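Structure data follow from data.cif (mmCIF, C-alpha atoms):
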data_start
loop_
_atom_site.label_atom_id
_atom_site.label_comp_id
_atom_site.auth_asym_id
_atom_site.auth_seq_id
_atom_site.Cartn_x
_atom_site.Cartn_y
_atom_site.Cartn_z
CA MET A 17 81.28 82.59 92.58
CA ALA A 18 84.86 83.78 92.35
CA ASN A 19 84.15 87.02 94.20
CA THR A 20 82.24 85.43 97.08
CA VAL A 21 83.95 85.95 100.42
CA ARG A 22 84.43 82.73 102.37
CA ARG A 23 85.32 82.67 106.05
CA GLY A 24 87.01 80.04 108.16
CA TYR A 25 89.42 79.15 110.94
CA ALA A 26 92.88 77.61 110.99
CA PRO A 27 94.63 76.02 113.99
CA SER A 28 97.59 77.61 115.70
CA PRO A 29 99.53 77.25 118.97
CA PHE A 30 97.43 80.16 120.27
CA GLY A 31 94.06 78.69 119.32
CA GLN A 32 91.97 79.18 116.21
CA LEU A 33 92.84 81.97 113.78
CA HIS A 34 90.04 83.55 111.79
CA TYR A 35 90.37 84.53 108.15
CA ALA A 36 88.31 85.55 105.13
CA GLU A 37 89.22 84.71 101.56
CA CYS A 38 88.05 85.22 98.02
CA GLY A 39 89.06 83.80 94.65
CA SER A 40 91.62 81.17 93.71
CA GLY A 41 95.13 80.88 92.33
CA GLU A 42 98.31 82.38 93.77
CA ALA A 43 97.76 83.34 97.42
CA VAL A 44 97.88 86.98 98.49
CA LEU A 45 97.81 87.32 102.28
CA LEU A 46 96.71 90.71 103.65
CA LEU A 47 97.51 91.88 107.20
CA HIS A 48 95.50 94.65 108.87
CA GLN A 49 96.44 97.59 111.05
CA THR A 50 95.87 97.91 114.82
CA PRO A 51 93.25 97.47 116.29
CA ARG A 52 91.41 96.31 113.19
CA SER A 53 90.35 92.97 111.73
CA TRP A 54 89.97 91.44 108.27
CA THR A 55 87.09 93.86 107.64
CA GLU A 56 89.65 96.53 106.79
CA TYR A 57 89.96 94.62 103.50
CA ALA A 58 86.27 93.75 103.07
CA ASP A 59 86.02 95.71 99.80
CA VAL A 60 89.54 94.84 98.63
CA LEU A 61 89.19 91.05 98.87
CA PRO A 62 86.69 90.57 96.01
CA LEU A 63 88.78 92.79 93.75
CA VAL A 64 92.11 91.06 94.36
CA GLY A 65 90.15 87.80 94.35
CA ARG A 66 89.23 88.24 90.70
CA ALA A 67 92.66 86.91 89.74
CA HIS A 68 94.16 85.48 92.93
CA ARG A 69 93.34 83.74 96.19
CA ALA A 70 93.04 86.82 98.40
CA ILE A 71 93.18 86.06 102.14
CA ALA A 72 92.73 88.56 104.98
CA MET A 73 93.36 87.21 108.47
CA ASP A 74 92.56 88.50 111.92
CA THR A 75 95.90 88.99 113.65
CA VAL A 76 96.45 86.98 116.83
CA GLY A 77 94.70 88.88 119.60
CA PHE A 78 92.32 90.80 117.31
CA GLY A 79 89.01 90.31 115.52
CA ALA A 80 87.70 86.76 115.83
CA SER A 81 91.14 85.17 116.22
CA ALA A 82 92.42 83.62 119.44
CA LYS A 83 93.30 86.12 122.16
CA PRO A 84 96.15 84.65 124.18
CA GLU A 85 97.31 86.07 127.47
CA GLY A 86 100.71 87.65 127.84
CA PRO A 87 102.28 90.60 126.06
CA HIS A 88 101.72 91.13 122.37
CA SER A 89 104.76 91.54 120.15
CA ILE A 90 105.47 91.77 116.45
CA GLU A 91 107.16 88.41 116.74
CA ARG A 92 104.02 86.82 118.21
CA PHE A 93 101.85 88.37 115.52
CA ALA A 94 104.25 86.90 112.94
CA ASP A 95 103.99 83.49 114.64
CA GLY A 96 100.26 83.68 113.97
CA VAL A 97 100.79 84.54 110.31
CA GLU A 98 103.11 81.56 109.91
CA ALA A 99 100.60 79.30 111.63
CA LEU A 100 97.80 80.47 109.34
CA ALA A 101 99.91 80.03 106.22
CA ASP A 102 100.84 76.51 107.33
CA GLY A 103 97.28 75.69 108.35
CA LEU A 104 95.98 76.72 104.92
CA GLY A 105 98.70 74.78 103.16
CA LEU A 106 100.25 77.85 101.56
CA GLY A 107 103.66 77.27 100.04
CA ALA A 108 104.90 80.49 98.53
CA PHE A 109 102.58 83.46 98.86
CA HIS A 110 102.48 87.21 98.32
CA LEU A 111 102.29 89.36 101.44
CA VAL A 112 100.58 92.73 101.95
CA GLY A 113 100.58 94.66 105.22
CA HIS A 114 98.97 97.97 106.17
CA HIS A 115 100.30 100.04 109.12
CA THR A 116 100.90 97.51 111.95
CA GLY A 117 100.25 94.75 109.42
CA GLY A 118 103.18 96.07 107.40
CA VAL A 119 105.52 95.83 110.38
CA VAL A 120 104.33 92.26 110.95
CA ALA A 121 104.87 91.57 107.25
CA VAL A 122 108.48 92.72 107.57
CA GLU A 123 109.09 90.14 110.29
CA VAL A 124 107.32 87.38 108.35
CA ALA A 125 109.29 88.14 105.18
CA ALA A 126 112.56 88.22 107.14
CA ARG A 127 111.79 84.77 108.58
CA LEU A 128 110.40 82.99 105.55
CA GLY A 129 112.76 84.19 102.84
CA ASP A 130 111.81 82.94 99.38
CA ARG A 131 108.52 81.59 100.64
CA VAL A 132 107.32 85.22 100.45
CA SER A 133 107.06 85.83 96.70
CA SER A 134 106.61 89.57 97.02
CA LEU A 135 106.06 92.09 99.78
CA LEU A 136 103.89 95.20 99.68
CA LEU A 137 104.25 97.55 102.65
CA SER A 138 101.36 100.00 102.90
CA ALA A 139 101.75 103.01 105.20
CA THR A 140 104.23 101.02 107.25
CA ALA A 141 106.21 102.65 110.04
CA PHE A 142 109.99 102.51 109.74
CA VAL A 143 110.93 101.50 113.26
CA ASP A 144 114.45 102.49 114.28
CA GLU A 145 116.13 103.61 117.48
CA THR A 146 114.85 107.16 117.07
CA LYS A 147 111.24 105.95 116.91
CA ARG A 148 111.73 103.59 119.85
CA GLU A 149 113.22 106.36 122.00
CA ALA A 150 110.33 108.69 121.17
CA ALA A 151 107.64 106.09 121.92
CA PRO A 152 107.26 106.70 125.70
CA ALA A 153 106.32 110.34 125.07
CA ARG A 154 103.71 109.54 122.43
CA PRO A 155 100.06 109.92 123.51
CA PRO A 156 97.77 106.88 123.25
CA VAL A 157 96.34 106.31 119.78
CA ASP A 158 93.08 104.49 120.56
CA HIS A 159 92.82 104.13 124.35
CA VAL A 160 89.63 105.28 126.06
CA ASP A 161 88.41 104.65 129.59
CA PRO A 162 84.95 103.02 129.73
CA LYS A 163 82.32 105.35 131.19
CA PRO A 164 79.01 104.36 132.83
CA ASP A 165 77.09 106.62 130.45
CA GLY A 166 78.76 105.17 127.36
CA SER A 167 80.37 108.47 126.39
CA HIS A 168 83.61 106.58 125.71
CA LEU A 169 81.96 105.28 122.54
CA VAL A 170 81.82 108.82 121.15
CA GLU A 171 85.38 109.40 122.34
CA LEU A 172 86.51 106.27 120.49
CA TRP A 173 84.67 107.43 117.35
CA ASN A 174 86.32 110.83 117.55
CA ARG A 175 89.78 109.32 117.99
CA ARG A 176 89.77 108.54 114.26
CA ARG A 177 87.04 110.80 112.91
CA GLY A 178 89.63 113.06 111.31
CA PHE A 179 90.97 110.25 109.13
CA TYR A 180 87.61 109.64 107.46
CA ARG A 181 85.75 111.88 105.06
CA GLU A 182 82.05 112.67 105.22
CA GLY A 183 80.15 109.70 103.87
CA GLU A 184 82.68 107.15 105.17
CA GLU A 185 80.87 106.52 108.44
CA ALA A 186 80.35 102.83 107.65
CA ALA A 187 84.09 102.29 107.56
CA LEU A 188 84.56 104.28 110.75
CA THR A 189 81.88 102.13 112.37
CA ARG A 190 83.88 99.02 111.47
CA TYR A 191 86.87 100.53 113.22
CA VAL A 192 84.83 101.17 116.37
CA ILE A 193 83.51 97.60 116.36
CA ASP A 194 87.04 96.21 116.04
CA ALA A 195 88.38 98.48 118.78
CA LEU A 196 85.55 97.56 121.17
CA THR A 197 86.35 93.88 120.63
CA VAL A 198 89.78 94.42 122.21
CA LEU A 199 89.08 97.53 124.28
CA ASP A 200 91.05 96.32 127.30
CA ARG A 201 94.14 95.81 125.11
CA VAL A 202 93.45 98.24 122.30
CA GLU A 203 96.80 100.02 122.57
CA GLU A 204 99.05 96.96 122.67
CA GLY A 205 99.47 96.59 118.92
CA HIS A 206 100.86 100.10 118.69
CA GLN A 207 103.17 99.42 121.63
CA ALA A 208 104.43 96.27 119.95
CA VAL A 209 105.33 98.30 116.86
CA TYR A 210 107.36 100.77 118.91
CA ARG A 211 109.34 97.97 120.58
CA TYR A 212 110.20 96.15 117.37
CA ARG A 213 113.83 96.14 116.24
CA MET A 214 113.05 96.41 112.55
CA GLU A 215 116.44 97.58 111.36
CA GLU A 216 117.98 94.26 112.47
CA ARG A 217 115.52 92.30 110.30
CA LEU A 218 115.50 94.17 107.01
CA ALA A 219 118.68 92.56 105.69
CA HIS A 220 117.01 89.14 105.91
CA ILE A 221 114.25 90.05 103.43
CA THR A 222 114.76 88.43 100.03
CA ALA A 223 111.37 89.22 98.46
CA PRO A 224 110.96 92.16 96.07
CA VAL A 225 109.43 95.05 98.03
CA LEU A 226 107.08 97.89 97.13
CA ALA A 227 106.33 100.55 99.76
CA VAL A 228 103.20 102.67 99.25
CA CYS A 229 101.31 105.28 101.25
CA ALA A 230 98.30 107.56 100.98
CA PRO A 231 99.19 111.24 100.51
CA GLU A 232 97.26 112.42 103.58
CA ASP A 233 98.78 109.79 105.87
CA HIS A 234 101.44 112.12 107.22
CA TYR A 235 102.33 109.66 109.98
CA SER A 236 103.66 107.10 107.51
CA LEU A 237 104.52 109.01 104.35
CA PRO A 238 108.10 109.87 105.44
CA ALA A 239 108.84 106.16 105.85
CA LEU A 240 108.79 105.63 102.07
CA GLU A 241 112.20 107.26 101.68
CA LYS A 242 113.58 105.27 104.60
CA PHE A 243 112.46 101.95 103.16
CA ALA A 244 113.84 102.93 99.76
CA ALA A 245 117.21 103.72 101.34
CA ALA A 246 117.30 100.59 103.50
CA LEU A 247 115.97 98.07 100.98
CA GLY A 248 116.55 99.69 97.61
CA CYS A 249 112.85 99.12 97.00
CA GLU A 250 110.34 100.91 94.84
CA THR A 251 107.88 103.37 96.36
CA ALA A 252 104.57 104.85 95.27
CA VAL A 253 102.03 107.34 96.59
CA LEU A 254 98.38 106.34 96.23
CA PRO A 255 96.03 108.74 94.40
CA GLY A 256 94.31 109.81 97.63
CA GLY A 257 93.26 108.67 101.06
CA HIS A 258 94.40 108.79 104.68
CA VAL A 259 95.20 106.19 107.33
CA PRO A 260 92.28 103.91 106.27
CA ALA A 261 93.34 103.89 102.59
CA PRO A 262 92.24 100.29 101.85
CA GLU A 263 88.69 101.26 102.84
CA GLN A 264 88.71 104.69 101.23
CA LEU A 265 90.21 103.58 97.92
CA PRO A 266 89.53 99.83 97.65
CA GLY A 267 89.65 99.83 93.85
CA GLU A 268 92.88 101.77 93.60
CA PHE A 269 94.43 99.81 96.46
CA ALA A 270 93.47 96.49 94.87
CA ASP A 271 94.87 97.63 91.52
CA VAL A 272 98.23 98.44 93.13
CA VAL A 273 98.29 95.08 94.90
CA THR A 274 97.34 93.12 91.78
CA ALA A 275 99.80 94.95 89.53
CA TRP A 276 102.61 94.34 92.01
CA VAL A 277 101.75 90.66 92.47
CA ASP A 278 101.43 90.11 88.72
CA ARG A 279 104.64 91.88 87.75
CA PRO A 280 106.94 89.53 85.79
CA ARG A 281 110.01 88.58 87.79
CA PRO A 282 113.08 86.51 86.98
#
With the file now loaded, output its structure as structure tokens.
Amino acid sequence: MANTVRRGYAPSPFGQLHYAECGSGEAVLLLHQTPRSWTEYADVLPLVGRAHRAIAMDTVGFGASAKPEGPHSIERFADGVEALADGLGLGAFHLVGHHTGGVVAVEVAARLGDRVSSLLLSATAFVDETKREAAPARPPVDHVDPKPDGSHLVELWNRRRGFYREGEEAALTRYVIDALTVLDRVEEGHQAVYRYRMEERLAHITAPVLAVCAPEDHYSLPALEKFAAALGCETAVLPGGHVPAPEQLPGEFADVVTAWVDRPRP
């Protein structure tokens, strides 16, 4: 069936990279936030997969993908994306990134040029010198210290409880599972974002860009204007949602992705 999610692995210099996919046709590659996995797009894949080959990968170091030693960086995450695209035989493909995945998508698009047919940046941080300088003073986002009584599990849950509405506990549970999978390195994706020299890479992007954000995601919403100024790109605010917008609004999110991918271009 076209909407059946299939899972597999592709080789890379780091080891095997895990991905899930749905549908056929033009490839749409979706990159998740930190410290998540492909499950952030579990409800989006079948919807985008109705008209396209929707692929959600586990970033290098996260989910079921290889977990190499050494420091994480946006560049290394992008190496993994390239390796997956090559391993799956993707020529040109559309690229979608959410939060950290959006920063990784910037680097991939800057490297691959016209091979990226379009770029959708969802709730993506605009990383400039001001953000890098402020990073050392920022409190940890997801770090918890393991406790013998397991109370760190509740602490981890509460780290993101405020982003999820009542009734969205299943999605929050998926976050906790993903974070526990990389608990000893759970903060490193965020740190990689803050080190990235994004402003030096933006000029290399040739793909058409759409930047979107959920209205309650106050961390990322101001970046829309910055991307518009830097790239001359279009922007849009989703009809609701917070940091986990792809899980809170999978239908609306998938509609935005599909409309952007399908837009006629010269």
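Shortest separation to A:Ala261 among A:Pro231, A:Gly166, A:Gly103, A:Pro62 occurs at residue A:Pro231, atoms counted being all atoms listed in the file.
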Using the chain letters and residue numbers of this document, give as a ChimeraX atom specification the residues selected by the PyMOL selection byres ((chain A and resi 33) around 9). /A:24-28,30-32,34-35,73-76,80-82,96,99-100
Starting from the shown file, work through the PyMOL selection byres ((chain A and resi 250) around 12) and note down what comes out as a compact mmCIF listing (two decimals) with C-alpha atoms, keeping the file's coordinate frame.
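So the final result, stored in result_15.txt, reads:
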# COMPACT_ATOMS: atom_id res chain seq x y z
CA LEU A 135 106.06 92.09 99.78
CA LEU A 136 103.89 95.20 99.68
CA LEU A 137 104.25 97.55 102.65
CA PRO A 224 110.96 92.16 96.07
CA VAL A 225 109.43 95.05 98.03
CA LEU A 226 107.08 97.89 97.13
CA ALA A 227 106.33 100.55 99.76
CA VAL A 228 103.20 102.67 99.25
CA CYS A 229 101.31 105.28 101.25
CA LEU A 240 108.79 105.63 102.07
CA GLU A 241 112.20 107.26 101.68
CA LYS A 242 113.58 105.27 104.60
CA PHE A 243 112.46 101.95 103.16
CA ALA A 244 113.84 102.93 99.76
CA ALA A 245 117.21 103.72 101.34
CA ALA A 246 117.30 100.59 103.50
CA LEU A 247 115.97 98.07 100.98
CA GLY A 248 116.55 99.69 97.61
CA CYS A 249 112.85 99.12 97.00
CA THR A 251 107.88 103.37 96.36
CA ALA A 252 104.57 104.85 95.27
CA VAL A 253 102.03 107.34 96.59
CA TRP A 276 102.61 94.34 92.01
Applying 10 Å and all atoms listed in the file, which residues near A:Phe179 remain after dropping the ones on its own chain fewer than 4 positions away? List them as a VMD selection string. chain A and resid 174 to 175 184 188 232 to 233 257 to 261 264
Could those residues be written to a file, using C-alpha atoms, as a PDB file, keeping the file's coordinate frame?
ATOM      1  CA  ASN A 174      86.320 110.830 117.550  1.00  0.00           C
ATOM      2  CA  ARG A 175      89.780 109.320 117.990  1.00  0.00           C
ATOM      3  CA  GLU A 184      82.680 107.150 105.170  1.00  0.00           C
ATOM      4  CA  LEU A 188      84.560 104.280 110.750  1.00  0.00           C
ATOM      5  CA  GLU A 232      97.260 112.420 103.580  1.00  0.00           C
ATOM      6  CA  ASP A 233      98.780 109.790 105.870  1.00  0.00           C
ATOM      7  CA  GLY A 257      93.260 108.670 101.060  1.00  0.00           C
ATOM      8  CA  HIS A 258      94.400 108.790 104.680  1.00  0.00           C
ATOM      9  CA  VAL A 259      95.200 106.190 107.330  1.00  0.00           C
ATOM     10  CA  PRO A 260      92.280 103.910 106.270  1.00  0.00           C
ATOM     11  CA  ALA A 261      93.340 103.890 102.590  1.00  0.00           C
ATOM     12  CA  GLN A 264      88.710 104.690 101.230  1.00  0.00           C
TER      13      GLN A 264
END
Closest atom pairs, residues of stretch 257-282 of chain A within 12 Å of stretch 38-42 of chain A, all atoms listed in the file, as a Markdown table:
| residue | atom | partner | partner_atom | distance |
| --- | --- | --- | --- | --- |
| A:Thr274 | CA | A:Glu42 | CA | 11.0 |
| A:Val277 | CA | A:Glu42 | CA | 9.1 |
| A:Asp278 | CA | A:Glu42 | CA | 9.7 |
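Applied to the shown file, the PyMOL selection byres ((chain A and resi 209-214) around 7) selects the residues Ile90, Thr116, Val119, Val143, Asp144, Lys147, Arg148, Ala151, Gly205, His206, Gln207, Ala208, Glu215, Glu216, Arg217 and Leu218 of chain A.
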Take the point (105.0, 85.9, 110.1) in the file's coordinates, draw a sphere of radius 8 Å around it, and report as a ChimeraX atom specification every protein, DNA or RNA residue with an atom inside or on it, counting only C-alpha atoms. /A:91,93-98,120-121,123-125,127-128
Would you work out the distance separating atom CA of A:Gln49 from atom CA of A:His114, expressed in Å to one decimal? 5.5 Å
Got a sec: who's within 8 Å of A:Leu111, counting all atoms listed in the file, leaving out chain neighbours fewer than 2 positions off, as an MDAnalysis selection string? chainID A and resid 44:47 109 113 121 132:136
Could you model all heavy atoms for stretch 158-169 of chain A and present them as a PDB file, keeping the file's coordinate frame?
ATOM      1  N   ASP A 158      94.474 104.929 120.545  1.00  0.00           N
ATOM      2  CA  ASP A 158      93.080 104.490 120.560  1.00  0.00           C
ATOM      3  C   ASP A 158      92.504 104.285 121.965  1.00  0.00           C
ATOM      4  O   ASP A 158      91.313 103.976 122.088  1.00  0.00           O
ATOM      5  CB  ASP A 158      92.946 103.161 119.785  1.00  0.00           C
ATOM      6  CG  ASP A 158      93.304 103.304 118.320  1.00  0.00           C
ATOM      7  OD1 ASP A 158      92.608 104.067 117.620  1.00  0.00           O
ATOM      8  OD2 ASP A 158      94.286 102.680 117.869  1.00  0.00           O
ATOM      9  N   HIS A 159      93.296 104.437 122.994  1.00  0.00           N
ATOM     10  CA  HIS A 159      92.820 104.130 124.350  1.00  0.00           C
ATOM     11  C   HIS A 159      91.725 105.093 124.807  1.00  0.00           C
ATOM     12  O   HIS A 159      91.834 106.305 124.640  1.00  0.00           O
ATOM     13  CB  HIS A 159      93.974 104.204 125.343  1.00  0.00           C
ATOM     14  CG  HIS A 159      93.531 104.021 126.760  1.00  0.00           C
ATOM     15  ND1 HIS A 159      93.248 102.786 127.298  1.00  0.00           N
ATOM     16  CD2 HIS A 159      93.291 104.933 127.749  1.00  0.00           C
ATOM     17  CE1 HIS A 159      92.850 102.933 128.554  1.00  0.00           C
ATOM     18  NE2 HIS A 159      92.872 104.213 128.850  1.00  0.00           N
ATOM     19  N   VAL A 160      90.670 104.509 125.372  1.00  0.00           N
ATOM     20  CA  VAL A 160      89.630 105.280 126.060  1.00  0.00           C
ATOM     21  C   VAL A 160      89.272 104.526 127.331  1.00  0.00           C
ATOM     22  O   VAL A 160      89.385 103.304 127.406  1.00  0.00           O
ATOM     23  CB  VAL A 160      88.359 105.473 125.197  1.00  0.00           C
ATOM     24  CG1 VAL A 160      88.656 106.302 123.956  1.00  0.00           C
ATOM     25  CG2 VAL A 160      87.753 104.137 124.802  1.00  0.00           C
ATOM     26  N   ASP A 161      88.858 105.258 128.345  1.00  0.00           N
ATOM     27  CA  ASP A 161      88.410 104.650 129.590  1.00  0.00           C
ATOM     28  C   ASP A 161      86.894 104.472 129.545  1.00  0.00           C
ATOM     29  O   ASP A 161      86.163 105.439 129.291  1.00  0.00           O
ATOM     30  CB  ASP A 161      88.779 105.536 130.787  1.00  0.00           C
ATOM     31  CG  ASP A 161      90.284 105.607 131.001  1.00  0.00           C
ATOM     32  OD1 ASP A 161      90.932 104.545 130.931  1.00  0.00           O
ATOM     33  OD2 ASP A 161      90.808 106.724 131.220  1.00  0.00           O
ATOM     34  N   PRO A 162      86.404 103.244 129.750  1.00  0.00           N
ATOM     35  CA  PRO A 162      84.950 103.020 129.730  1.00  0.00           C
ATOM     36  C   PRO A 162      84.230 103.896 130.747  1.00  0.00           C
ATOM     37  O   PRO A 162      84.692 104.064 131.883  1.00  0.00           O
ATOM     38  CB  PRO A 162      84.821 101.538 130.089  1.00  0.00           C
ATOM     39  CG  PRO A 162      86.126 100.932 129.684  1.00  0.00           C
ATOM     40  CD  PRO A 162      87.151 102.000 129.960  1.00  0.00           C
ATOM     41  N   LYS A 163      83.113 104.477 130.330  1.00  0.00           N
ATOM     42  CA  LYS A 163      82.320 105.350 131.190  1.00  0.00           C
ATOM     43  C   LYS A 163      80.924 104.739 131.394  1.00  0.00           C
ATOM     44  O   LYS A 163      80.376 104.127 130.483  1.00  0.00           O
ATOM     45  CB  LYS A 163      82.161 106.732 130.548  1.00  0.00           C
ATOM     46  CG  LYS A 163      83.469 107.418 130.164  1.00  0.00           C
ATOM     47  CD  LYS A 163      84.277 107.826 131.363  1.00  0.00           C
ATOM     48  CE  LYS A 163      85.355 108.844 130.989  1.00  0.00           C
ATOM     49  NZ  LYS A 163      86.191 108.437 129.850  1.00  0.00           N
ATOM     50  N   PRO A 164      80.350 104.920 132.578  1.00  0.00           N
ATOM     51  CA  PRO A 164      79.010 104.360 132.830  1.00  0.00           C
ATOM     52  C   PRO A 164      77.948 104.853 131.856  1.00  0.00           C
ATOM     53  O   PRO A 164      76.997 104.128 131.553  1.00  0.00           O
ATOM     54  CB  PRO A 164      78.706 104.817 134.266  1.00  0.00           C
ATOM     55  CG  PRO A 164      80.041 105.023 134.891  1.00  0.00           C
ATOM     56  CD  PRO A 164      80.916 105.538 133.785  1.00  0.00           C
ATOM     57  N   ASP A 165      78.093 106.082 131.357  1.00  0.00           N
ATOM     58  CA  ASP A 165      77.090 106.620 130.450  1.00  0.00           C
ATOM     59  C   ASP A 165      77.370 106.300 128.984  1.00  0.00           C
ATOM     60  O   ASP A 165      76.624 106.722 128.087  1.00  0.00           O
ATOM     61  CB  ASP A 165      76.958 108.133 130.629  1.00  0.00           C
ATOM     62  CG  ASP A 165      78.235 108.887 130.262  1.00  0.00           C
ATOM     63  OD1 ASP A 165      79.252 108.233 129.929  1.00  0.00           O
ATOM     64  OD2 ASP A 165      78.214 110.139 130.307  1.00  0.00           O
ATOM     65  N   GLY A 166      78.436 105.549 128.719  1.00  0.00           N
ATOM     66  CA  GLY A 166      78.760 105.170 127.360  1.00  0.00           C
ATOM     67  C   GLY A 166      79.418 106.259 126.533  1.00  0.00           C
ATOM     68  O   GLY A 166      79.601 106.084 125.326  1.00  0.00           O
ATOM     69  N   SER A 167      79.783 107.366 127.153  1.00  0.00           N
ATOM     70  CA  SER A 167      80.370 108.470 126.390  1.00  0.00           C
ATOM     71  C   SER A 167      81.722 108.087 125.784  1.00  0.00           C
ATOM     72  O   SER A 167      82.192 108.755 124.851  1.00  0.00           O
ATOM     73  CB  SER A 167      80.530 109.703 127.286  1.00  0.00           C
ATOM     74  OG  SER A 167      81.342 109.422 128.414  1.00  0.00           O
ATOM     75  N   HIS A 168      82.336 107.010 126.288  1.00  0.00           N
ATOM     76  CA  HIS A 168      83.610 106.580 125.710  1.00  0.00           C
ATOM     77  C   HIS A 168      83.429 106.079 124.276  1.00  0.00           C
ATOM     78  O   HIS A 168      84.393 106.055 123.515  1.00  0.00           O
ATOM     79  CB  HIS A 168      84.244 105.483 126.565  1.00  0.00           C
ATOM     80  CG  HIS A 168      83.434 104.235 126.672  1.00  0.00           C
ATOM     81  ND1 HIS A 168      82.284 104.149 127.428  1.00  0.00           N
ATOM     82  CD2 HIS A 168      83.592 103.006 126.099  1.00  0.00           C
ATOM     83  CE1 HIS A 168      81.787 102.923 127.333  1.00  0.00           C
ATOM     84  NE2 HIS A 168      82.555 102.220 126.533  1.00  0.00           N
ATOM     85  N   LEU A 169      82.200 105.709 123.914  1.00  0.00           N
ATOM     86  CA  LEU A 169      81.960 105.280 122.540  1.00  0.00           C
ATOM     87  C   LEU A 169      82.128 106.446 121.569  1.00  0.00           C
ATOM     88  O   LEU A 169      82.692 106.301 120.481  1.00  0.00           O
ATOM     89  CB  LEU A 169      80.563 104.675 122.406  1.00  0.00           C
ATOM     90  CG  LEU A 169      80.267 103.471 123.310  1.00  0.00           C
ATOM     91  CD1 LEU A 169      78.835 103.001 123.108  1.00  0.00           C
ATOM     92  CD2 LEU A 169      81.248 102.351 123.044  1.00  0.00           C
TER      93      LEU A 169
END
